[in-house]
Structures are given as structure tokens and as C-alpha cells.
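Q: Before we start, here is the structure in question, set down as C-alpha cells.
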Amino acid sequence: MTDFPPSELMAQALAEARAAAERGEVPVGAVVSDGAGRIIAAAGNRTRELADPTAHAELLAIRAACAAIGSERLTGCDLHVTLEPCAMCAAAIGFARIERLYYGAPDPKGGGVGHGARVFSHPTCHHAPQVYDGIAETEAAALLHDFFAGLRASGGQA
């Protein structure tokens, strides 16, 4: 995997991830943009804050973007996320008809795009976005590494 530099959109996703870490959440951030690169919605993980296991950054950003445009479909929109989406988020990305998915760090343990379930490769997948990985991978991975190292050092849980 090649570590590509962050775009402005991935930089915003990284900012959302840092804000999530400050709240004690796993540092994952996501940004939905229109085809012209304008941000429609941005979010960071809020699973602990909302006591909701589905409150992943991707799902929160997709929900906010759908509400903003008044449609359950985000046709022509892009999603920038700091970590490879899990299978749940990958399915939602397909259902939302996201055009392009850009992600930073791979997730060999919990990923659902390039690892694990590989949701978009199944014949039952109704829509598969174009996928670009390795965007600001080093910075995204460092955020996660530092967060979990801090938890281990303090005896905490995520």
C-alpha cells in the first residue's frame, strides 16, 4: 500500500478523528463531499458518547449528509474516512450509493473492504464504490496506534 498525502477532505477527516480521540472515542473520522469537493457532512466516532454500537464515523456522516440533501442516496458523493470501513459501514456505503471511497489506514482485523468480509466483492452487493486506499495512511495509523497505546498504558478500554 502506498501512503498518499492527505487531501483537504482527508485532512478534515483526520481532524474529526483527533476530536473523537479527545472525547475518548476510537479516533476515526469521516467526511462526505459532493462531486465538486464541497463538504456536506463530517463526523467522528461517537459509540461511547451515544451508547450506540452503530455510531461509527462513517454512519454518522452518511446520516447527516442524507438529511442535508433530503435523500437516502448520496449518488455522486465521496466519502473520506481515516480507517478502512468495517462490514457494517461498507454495507451502508453501498446502500447510500457513495460514488468514491477514500480511506487511510487498513484494518486487517475489522475491515470490510480490503480485508475480512470484502463487502463490495460479493454478488449480492447492489453498489460498489470506486475505492482508493492509503490516503494519509501513516498519520491515520499513528492516531490509532497512539490512542490504543495510551489506553494500554492507563489500563483503559475502547
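Ordering of the C-alpha cells sets the chain letters (A, B, ...); residue numbers start at 1 within each chain; ligands are numbered from 1 in the order shown.
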Please provide as a PyMOL selection string all residues within 10 Å of Arg97 in chain A, with the sequence filter that same-chain residues fewer than 2 positions apart are discarded (counting only C-alpha atoms).
A: chain A and resi 72-78+91-95+99-100+126-129
Q: Looking at A:Met88, A:Leu50, A:Val31, A:Ala20, which one is nearest to Ala64 in chain A, with distances taken over only C-alpha atoms?
A: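 Of all the options, A:Val31 lies closest to Ala64 in chain A.
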Q: Counting only C-alpha atoms, which of A:Ala30, A:Leu144, A:Leu60, A:Cys89 gets nearest to Ala105 in chain A?
A: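 Checking each candidate against Ala105 in chain A, we get A:Leu144 as the closest.
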Q: What does the structure give for the distance between CA of Val26 in chain A and CA of Ala87 in chain A, in Å to one decimal?
A: 16.9 Å
